[in-house]
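**Student:** Below is the file input.cif, which contains mmCIF, C-alpha atoms and all ligand atoms.
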```cif
data_start
loop_
_atom_site.label_atom_id
_atom_site.label_comp_id
_atom_site.auth_asym_id
_atom_site.auth_seq_id
_atom_site.Cartn_x
_atom_site.Cartn_y
_atom_site.Cartn_z
CA MET A 1 108.26 117.95 92.78
CA SER A 2 108.16 121.59 93.76
CA TRP A 3 105.49 122.83 96.10
CA THR A 4 103.30 125.87 95.71
CA GLU A 5 102.89 128.21 98.66
CA ARG A 6 99.33 126.93 99.08
CA GLN A 7 100.49 123.33 99.23
CA ARG A 8 103.20 124.25 101.72
CA ALA A 9 100.60 125.92 103.93
CA MET A 10 98.35 122.86 103.68
CA LEU A 11 101.15 120.50 104.56
CA ALA A 12 102.19 122.67 107.48
CA GLU A 13 98.63 122.34 108.79
CA MET A 14 99.15 118.58 108.80
CA GLY A 15 102.40 118.91 110.71
CA LEU A 16 104.52 118.20 107.62
CA ARG A 17 107.57 120.18 106.59
CA VAL A 18 108.49 120.12 102.94
CA TRP A 19 111.46 120.71 100.77
CA ASP A 20 111.87 120.40 97.04
CA ALA A 21 113.48 117.10 96.15
CA PRO A 22 113.53 116.77 92.39
CA ALA A 23 114.61 113.14 92.25
CA THR A 24 112.18 111.35 94.49
CA GLU A 25 108.71 112.67 94.97
CA SER A 26 107.96 110.43 97.92
CA LEU A 27 110.96 111.86 99.77
CA ALA A 28 109.71 115.40 99.41
CA VAL A 29 107.86 115.37 102.70
CA ALA A 30 109.59 115.45 106.03
CA VAL A 31 107.62 114.85 109.12
CA ALA A 32 107.73 117.15 112.10
CA PRO A 33 108.54 115.22 115.27
CA GLU A 34 105.43 114.49 117.24
CA ALA A 35 104.89 112.87 120.59
CA ALA A 36 103.23 109.48 120.65
CA GLU A 37 99.55 109.50 121.48
CA ALA A 38 99.10 109.33 125.21
CA ARG A 39 96.19 106.96 125.44
CA PRO A 40 96.33 103.43 124.10
CA THR A 41 94.93 103.19 120.63
CA ARG A 42 93.27 100.39 118.80
CA ASP A 43 95.28 101.04 115.70
CA PRO A 44 98.97 101.32 116.50
CA VAL A 45 100.02 99.27 113.49
CA GLU A 46 98.25 98.12 110.38
CA PRO A 47 98.76 94.34 110.54
CA PRO A 48 96.91 91.99 108.27
CA VAL A 49 93.35 91.93 109.47
CA THR A 50 92.27 88.95 111.48
CA VAL A 51 88.73 89.90 112.41
CA ALA A 52 86.21 88.22 110.16
CA LEU A 53 83.05 90.02 109.16
CA PRO A 54 80.22 88.22 107.43
CA PRO A 55 80.66 88.31 103.65
CA PRO A 56 78.18 90.39 101.66
CA GLY A 57 74.80 88.71 101.74
CA ALA A 58 75.62 86.61 104.80
CA VAL A 59 73.28 86.79 107.74
CA ALA A 60 74.61 89.00 110.54
CA PRO A 61 73.63 88.30 114.14
CA PRO A 62 70.11 89.62 114.63
CA PRO A 63 70.00 92.95 116.46
CA THR A 64 68.39 92.56 119.83
CA ALA A 65 67.33 96.16 120.28
CA ILE A 66 66.24 97.75 117.01
CA ALA A 67 65.24 95.99 113.83
CA SER A 68 67.51 97.00 110.96
CA SER A 69 64.44 97.61 108.77
CA ALA A 70 63.32 100.24 111.27
CA VAL A 71 66.74 101.89 111.25
CA ALA A 72 66.72 101.96 107.46
CA ALA A 73 63.59 104.15 107.52
CA MET A 74 64.73 106.62 110.19
CA ASP A 75 65.28 110.34 109.74
CA TRP A 76 68.06 112.16 111.60
CA PRO A 77 66.21 112.78 114.89
CA ALA A 78 64.90 109.20 115.04
CA LEU A 79 68.33 107.79 114.23
CA ARG A 80 69.99 109.94 116.87
CA GLU A 81 67.47 108.76 119.46
CA ALA A 82 67.86 105.14 118.42
CA VAL A 83 71.63 105.31 118.78
CA ALA A 84 71.34 106.98 122.18
CA ALA A 85 68.98 104.26 123.41
CA CYS A 86 70.78 101.30 121.81
CA THR A 87 71.44 98.23 123.93
CA ALA A 88 72.11 95.84 121.03
CA CYS A 89 75.52 94.77 122.33
CA SER A 90 77.27 94.74 125.66
CA LEU A 91 79.11 98.01 124.98
CA HIS A 92 76.10 99.90 126.28
CA GLN A 93 76.96 98.65 129.75
CA SER A 94 80.34 100.35 129.89
CA ARG A 95 79.77 103.50 127.82
CA ARG A 96 79.33 106.93 129.39
CA GLN A 97 77.31 107.99 126.37
CA THR A 98 76.94 107.10 122.74
CA VAL A 99 78.94 109.00 120.12
CA PHE A 100 76.59 109.57 117.23
CA GLY A 101 78.70 111.58 114.81
CA VAL A 102 79.21 115.22 114.00
CA GLY A 103 79.12 117.53 111.03
CA HIS A 104 76.91 118.86 108.31
CA PRO A 105 73.93 116.56 107.59
CA GLN A 106 74.48 117.01 103.84
CA ALA A 107 78.26 117.25 103.89
CA HIS A 108 79.97 116.32 100.66
CA TRP A 109 82.62 114.48 102.66
CA MET A 110 81.93 111.59 105.02
CA ILE A 111 84.76 110.46 107.26
CA VAL A 112 84.42 107.01 108.80
CA GLY A 113 86.63 106.04 111.72
CA GLU A 114 86.67 103.14 114.11
CA ALA A 115 85.17 103.67 117.56
CA PRO A 116 85.09 106.28 120.30
CA GLY A 117 88.01 106.40 122.71
CA GLU A 118 88.01 107.66 126.27
CA GLU A 119 87.82 111.36 125.39
CA GLU A 120 85.09 110.78 122.80
CA ASP A 121 83.11 108.71 125.32
CA ARG A 122 83.40 111.60 127.77
CA ARG A 123 82.48 114.36 125.32
CA GLY A 124 80.04 112.56 123.05
CA GLU A 125 81.83 113.67 119.87
CA PRO A 126 84.05 111.61 117.56
CA PHE A 127 87.74 112.35 117.14
CA VAL A 128 88.29 114.89 119.88
CA GLY A 129 91.54 113.40 121.26
CA ARG A 130 95.02 113.57 119.70
CA SER A 131 93.89 111.58 116.67
CA GLY A 132 91.10 114.10 116.26
CA GLN A 133 93.50 117.03 116.34
CA LEU A 134 95.49 115.44 113.55
CA LEU A 135 92.31 114.69 111.63
CA ASP A 136 91.15 118.30 111.99
CA ASN A 137 94.55 119.54 110.75
CA MET A 138 94.39 117.19 107.79
CA LEU A 139 90.90 118.38 106.93
CA ARG A 140 91.83 122.03 107.37
CA ALA A 141 94.75 121.46 105.01
CA ILE A 142 92.29 120.86 102.19
CA GLY A 143 89.81 123.52 103.27
CA LEU A 144 87.36 121.25 105.10
CA SER A 145 85.85 121.49 108.54
CA ARG A 146 83.55 119.62 110.87
CA GLN A 147 81.96 122.88 112.00
CA THR A 148 78.58 123.85 110.72
CA PRO A 149 78.52 127.66 110.83
CA GLU A 150 75.61 129.71 109.56
CA SER A 151 74.92 129.10 105.87
CA PRO A 152 77.64 126.50 105.50
CA ASP A 153 78.74 125.35 102.11
CA PRO A 154 78.26 121.56 102.23
CA SER A 155 81.10 121.09 99.77
CA LYS A 156 83.48 122.36 102.48
CA GLN A 157 81.94 120.34 105.28
CA VAL A 158 82.45 116.85 106.61
CA PHE A 159 80.31 114.47 108.56
CA ILE A 160 82.41 112.31 110.87
CA ALA A 161 81.10 108.96 112.10
CA ASN A 162 82.52 105.77 113.52
CA THR A 163 81.80 102.12 112.82
CA LEU A 164 80.91 101.76 116.51
CA LYS A 165 78.92 104.34 118.41
CA CYS A 166 80.09 103.14 121.84
CA ARG A 167 83.57 102.95 123.28
CA PRO A 168 85.05 99.46 123.57
CA PRO A 169 86.37 99.12 127.12
CA GLY A 170 90.07 99.88 127.43
CA ASN A 171 90.06 100.95 123.77
CA ARG A 172 90.25 97.35 122.63
CA ASN A 173 89.48 96.50 119.03
CA PRO A 174 85.82 96.25 118.02
CA LEU A 175 84.48 92.71 117.99
CA PRO A 176 82.80 91.30 114.86
CA GLU A 177 79.47 91.02 116.64
CA GLU A 178 79.65 94.63 117.83
CA LEU A 179 80.44 95.81 114.32
CA ALA A 180 77.58 93.76 112.89
CA ARG A 181 75.07 95.09 115.39
CA CYS A 182 76.11 98.71 114.99
CA GLU A 183 76.49 98.66 111.24
CA GLY A 184 72.87 99.61 110.44
CA PHE A 185 73.41 102.98 112.10
CA LEU A 186 76.42 103.80 109.94
CA ILE A 187 74.67 102.60 106.80
CA ARG A 188 71.72 104.86 107.56
CA GLN A 189 74.00 107.82 108.33
CA ILE A 190 75.63 107.42 104.93
CA GLU A 191 72.22 107.18 103.25
CA LEU A 192 71.07 110.36 104.96
CA VAL A 193 74.22 112.36 104.29
CA GLN A 194 74.52 111.17 100.68
CA PRO A 195 78.18 112.17 100.56
CA LYS A 196 80.12 112.74 97.36
CA ILE A 197 83.15 111.00 98.85
CA ILE A 198 83.78 108.65 101.76
CA LEU A 199 87.15 108.57 103.47
CA ALA A 200 87.48 105.21 105.25
CA MET A 201 90.14 105.52 107.92
CA GLY A 202 91.69 102.36 109.25
CA ARG A 203 90.97 98.70 108.89
CA PHE A 204 87.66 98.51 110.74
CA ALA A 205 86.06 101.21 108.60
CA VAL A 206 87.37 99.38 105.56
CA GLN A 207 86.09 96.04 106.77
CA SER A 208 82.65 97.47 107.38
CA LEU A 209 82.31 99.40 104.14
CA LEU A 210 84.30 97.35 101.65
CA ARG A 211 84.03 93.93 103.26
CA SER A 212 87.73 93.59 102.72
CA SER A 213 90.32 92.27 105.10
CA ALA A 214 93.23 93.39 102.90
CA PRO A 215 95.76 95.68 104.61
CA ILE A 216 95.27 99.42 104.19
CA GLY A 217 98.53 99.60 102.27
CA GLN A 218 97.05 97.41 99.57
CA LEU A 219 93.72 99.21 99.33
CA ARG A 220 94.82 102.83 99.45
CA GLY A 221 95.86 104.74 96.34
CA ARG A 222 92.78 104.02 94.25
CA VAL A 223 89.10 104.87 94.31
CA HIS A 224 86.70 102.20 95.57
CA HIS A 225 82.93 102.52 95.78
CA TYR A 226 80.41 102.00 98.55
CA GLN A 227 76.81 101.86 97.28
CA GLY A 228 77.88 103.94 94.28
CA VAL A 229 79.69 106.54 96.40
CA PRO A 230 83.42 106.94 95.68
CA LEU A 231 85.45 105.76 98.65
CA VAL A 232 89.11 106.37 99.40
CA VAL A 233 90.94 104.24 101.93
CA THR A 234 93.54 105.80 104.19
CA TYR A 235 95.42 105.21 107.41
CA HIS A 236 93.77 105.87 110.73
CA PRO A 237 95.06 109.09 112.37
CA ALA A 238 96.09 107.10 115.48
CA TYR A 239 98.29 104.99 113.24
CA LEU A 240 99.74 108.12 111.64
CA LEU A 241 100.67 109.46 115.06
CA ARG A 242 102.85 106.40 115.55
CA ASN A 243 104.09 106.02 112.01
CA LEU A 244 105.03 109.54 111.07
CA THR A 245 106.47 108.72 107.67
CA GLU A 246 103.05 107.47 106.53
CA LYS A 247 101.67 111.01 106.80
CA ALA A 248 102.94 111.65 103.29
CA ARG A 249 100.81 108.77 102.03
CA ALA A 250 97.81 110.04 103.98
CA TRP A 251 98.32 113.39 102.26
CA ASP A 252 98.29 111.61 98.90
CA ASP A 253 95.05 109.89 99.92
CA LEU A 254 93.45 113.21 100.82
CA CYS A 255 94.53 114.66 97.49
CA LEU A 256 93.09 111.61 95.70
CA ALA A 257 89.78 112.09 97.52
CA GLN A 258 89.74 115.81 96.77
CA GLY A 259 90.52 115.21 93.12
CA THR A 260 87.74 112.64 92.94
CA VAL A 261 85.17 115.07 94.37
CA GLU A 262 86.33 117.87 92.10
CA ALA A 263 86.18 115.64 89.04
CA SER A 264 82.65 114.50 89.84
CA ALA A 265 81.54 118.11 90.47
CA ALA A 266 82.97 119.11 87.09
CA ARG A 267 81.07 116.37 85.27
CA PRO A 268 77.65 117.28 83.88
CA ALA A 269 74.78 115.80 85.94
CA GLY A 270 74.00 112.29 84.75
CA GLY A 271 77.41 112.01 83.05
CA ALA A 272 79.61 108.95 83.68
N1 LIG B 1 89.42 106.92 116.84
C1 LIG B 1 88.33 106.67 116.08
O1 LIG B 1 88.36 105.83 115.18
N2 LIG B 1 87.22 107.36 116.34
C2 LIG B 1 87.15 108.28 117.27
O2 LIG B 1 86.09 108.88 117.42
C3 LIG B 1 88.29 108.54 118.04
C4 LIG B 1 89.42 107.85 117.81
#
```
Go ahead and express the file in the form of structure tokens.

**Tutor:**
Amino acid sequence: MSWTERQRAMLAEMGLRVWDAPATESLAVAVAPEAAEARPTRDPVEPPVTVALPPPGAVAPPPTAIASSAVAAMDWPALREAVAACTACSLHQSRRQTVFGVGHPQAHWMIVGEAPGEEEDRRGEPFVGRSGQLLDNMLRAIGLSRQTPESPDPSKQVFIANTLKCRPPGNRNPLPEELARCEGFLIRQIELVQPKIILAMGRFAVQSLLRSSAPIGQLRGRVHHYQGVPLVVTYHPAYLLRNLTEKARAWDDLCLAQGTVEASAARPAGGA
């Protein structure tokens, strides 16, 4: 494959160097060396998933703080307040603050990650550590941003949220009960944003949204759907920082997501 100047610029934003390798497309991306992420991550490898979530339709543990029916009716300010006040699981005891999510409230792109880490817990914003820098570079590579400047074009904006709104102590993996109790918030965020595409990053986002415990490697590369919204599965940025060669696949995933949005925008309203 040969790369256009625009593609080269995009890949450079992601920390990827490219050369033209006619024989093998997947070898056409070389990865710039990158230091390992300093803090421990919850997603250093993508092993088969062992955490079991309730299957669709199964009864999740009842929330102790806020009834899910109440969450389902909330507008943005009410939802933000409810998240900030949530004591539905023990994570509220160790958090500095909740991490609600950031971005344009009607962004065409919704990015779903896992849970806040130390830096996110300190700053109250998702993906602000090294994973976040990579995520921002990836988004910038396809012309997207989490900023909401004056008169933003929602088609160029993302809303970034996590499956958990509180940091698990020591950056351990989210527990099934924590995911179940926090899930109503994410569901409502997606309903309010009404994105054109969801990018599910890492196995916990995938478990929550697709109810699948299959490895990311098996789920990526095709378009899934969450409540009718196209959903593309990709690797978590923390995983990419440790597995540099997978960045090429993450780039493919981004291109798949972008192509999906563009195709749906090109279709006449109401068309299949
Ligand atoms: N990893 C995540 O999944 N979310 C964050 O907000 C930060 C790191």

**Student:** Mind listing the residues within 8 Å of ligand LIG 1 (chain B), all atoms listed in the file counted, as a count of residues only?

**Tutor:** 26

**Student:** As an exercise, work out the distance from CA of Cys166 in chain A to CA of Leu79 in chain A in Å and give it to one decimal place.

**Tutor:**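 About the pair CA of Cys166 in chain A and CA of Leu79 in chain A: they are 14.8 Å apart.
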
**Student:** At most 12 Å from (81.6, 119.0, 107.8), file frame, only C-alpha atoms: which residues, as JSON, numbers by chain?

**Tutor:** {"A": [101, 102, 103, 104, 105, 106, 107, 108, 109, 110, 111, 136, 139, 140, 143, 144, 145, 146, 147, 148, 149, 152, 153, 154, 155, 156, 157, 158, 159, 160, 161, 193, 195]}

**Student:** What is the distance between CA of Arg181 in chain A and CA of Arg80 in chain A, in Å to one decimal?

**Tutor:**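 For CA of Arg181 in chain A relative to CA of Arg80 in chain A, the distance reads 15.8 Å.
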
**Student:** At a cut-off of 9 Å, using all atoms listed in the file, what residues contact Leu209 in chain A? Leave out same-chain residues fewer than 4 positions from it and give the result as a JSON list (two decimals) with C-alpha atoms, in the frame of the given file.

**Tutor:**
```
[["chain", "number", "residue", "atom", "x", "y", "z"],
["A", 187, "ILE", "CA", 74.67, 102.60, 106.80],
["A", 200, "ALA", "CA", 87.48, 105.21, 105.25],
["A", 204, "PHE", "CA", 87.66, 98.51, 110.74],
["A", 205, "ALA", "CA", 86.06, 101.21, 108.60],
["A", 225, "HIS", "CA", 82.93, 102.52, 95.78],
["A", 226, "TYR", "CA", 80.41, 102.00, 98.55],
["A", 231, "LEU", "CA", 85.45, 105.76, 98.65]]
```

**Student:** Ranking A:Ala70, A:Ile190, A:Ile142, A:Leu135 by minimum distance to Gly259 in chain A and counting only C-alpha atoms, which one comes first?

**Tutor:** A:Ile142

**Student:** Would you mind putting N, CA, C and O atoms back on range 78-100 of chain A and writing the result as a tab-separated table (two decimals), in the coordinates of the input?

**Tutor:**
```
chain	number	residue	atom	x	y	z
A	78	ALA	N	65.22	110.56	114.60
A	78	ALA	CA	64.90	109.20	115.04
A	78	ALA	C	66.18	108.37	115.16
A	78	ALA	O	66.35	107.59	116.11
A	79	LEU	N	67.08	108.56	114.21
A	79	LEU	CA	68.33	107.79	114.23
A	79	LEU	C	69.17	108.17	115.45
A	79	LEU	O	69.72	107.31	116.15
A	80	ARG	N	69.22	109.46	115.71
A	80	ARG	CA	69.99	109.94	116.87
A	80	ARG	C	69.43	109.34	118.16
A	80	ARG	O	70.17	108.87	119.03
A	81	GLU	N	68.11	109.34	118.26
A	81	GLU	CA	67.47	108.76	119.46
A	81	GLU	C	67.73	107.27	119.55
A	81	GLU	O	67.98	106.74	120.64
A	82	ALA	N	67.65	106.58	118.42
A	82	ALA	CA	67.86	105.14	118.42
A	82	ALA	C	69.28	104.78	118.85
A	82	ALA	O	69.49	103.84	119.62
A	83	VAL	N	70.24	105.56	118.38
A	83	VAL	CA	71.63	105.31	118.78
A	83	VAL	C	71.77	105.54	120.29
A	83	VAL	O	72.36	104.73	121.00
A	84	ALA	N	71.20	106.65	120.76
A	84	ALA	CA	71.34	106.98	122.18
A	84	ALA	C	70.73	105.91	123.09
A	84	ALA	O	71.20	105.69	124.20
A	85	ALA	N	69.69	105.25	122.58
A	85	ALA	CA	68.98	104.26	123.41
A	85	ALA	C	69.46	102.83	123.15
A	85	ALA	O	68.95	101.89	123.76
A	86	CYS	N	70.43	102.65	122.27
A	86	CYS	CA	70.78	101.30	121.81
A	86	CYS	C	71.38	100.44	122.93
A	86	CYS	O	72.27	100.88	123.66
A	87	THR	N	70.88	99.22	123.00
A	87	THR	CA	71.44	98.23	123.93
A	87	THR	C	71.70	96.92	123.17
A	87	THR	O	71.62	95.84	123.73
A	88	ALA	N	72.01	97.04	121.87
A	88	ALA	CA	72.11	95.84	121.03
A	88	ALA	C	73.35	95.01	121.33
A	88	ALA	O	73.39	93.84	120.96
A	89	CYS	N	74.36	95.59	121.94
A	89	CYS	CA	75.52	94.77	122.33
A	89	CYS	C	75.96	95.21	123.73
A	89	CYS	O	75.46	96.19	124.26
A	90	SER	N	76.92	94.49	124.25
A	90	SER	CA	77.27	94.74	125.66
A	90	SER	C	78.00	96.07	125.88
A	90	SER	O	78.17	96.49	127.02
A	91	LEU	N	78.40	96.74	124.80
A	91	LEU	CA	79.11	98.01	124.98
A	91	LEU	C	78.26	99.06	125.69
A	91	LEU	O	78.79	100.00	126.28
A	92	HIS	N	76.95	98.89	125.61
A	92	HIS	CA	76.10	99.90	126.28
A	92	HIS	C	76.30	99.88	127.79
A	92	HIS	O	76.04	100.87	128.47
A	93	GLN	N	76.80	98.75	128.30
A	93	GLN	CA	76.96	98.65	129.75
A	93	GLN	C	78.14	99.47	130.26
A	93	GLN	O	78.14	99.90	131.41
A	94	SER	N	79.14	99.66	129.42
A	94	SER	CA	80.34	100.35	129.89
A	94	SER	C	80.46	101.78	129.35
A	94	SER	O	81.31	102.53	129.81
A	95	ARG	N	79.62	102.16	128.40
A	95	ARG	CA	79.77	103.50	127.82
A	95	ARG	C	79.28	104.58	128.80
A	95	ARG	O	78.39	104.32	129.62
A	96	ARG	N	79.89	105.77	128.69
A	96	ARG	CA	79.33	106.93	129.39
A	96	ARG	C	78.15	107.45	128.60
A	96	ARG	O	77.13	107.83	129.13
A	97	GLN	N	78.36	107.52	127.29
A	97	GLN	CA	77.31	107.99	126.37
A	97	GLN	C	77.64	107.46	124.99
A	97	GLN	O	78.77	107.04	124.73
A	98	THR	N	76.67	107.48	124.12
A	98	THR	CA	76.94	107.10	122.74
A	98	THR	C	77.60	108.28	122.01
A	98	THR	O	77.47	109.43	122.43
A	99	VAL	N	78.29	107.96	120.93
A	99	VAL	CA	78.94	109.00	120.12
A	99	VAL	C	78.36	108.88	118.72
A	99	VAL	O	78.75	108.03	117.93
A	100	PHE	N	77.39	109.72	118.45
A	100	PHE	CA	76.59	109.57	117.23
A	100	PHE	C	77.37	109.92	115.96
A	100	PHE	O	77.37	109.19	114.97
```
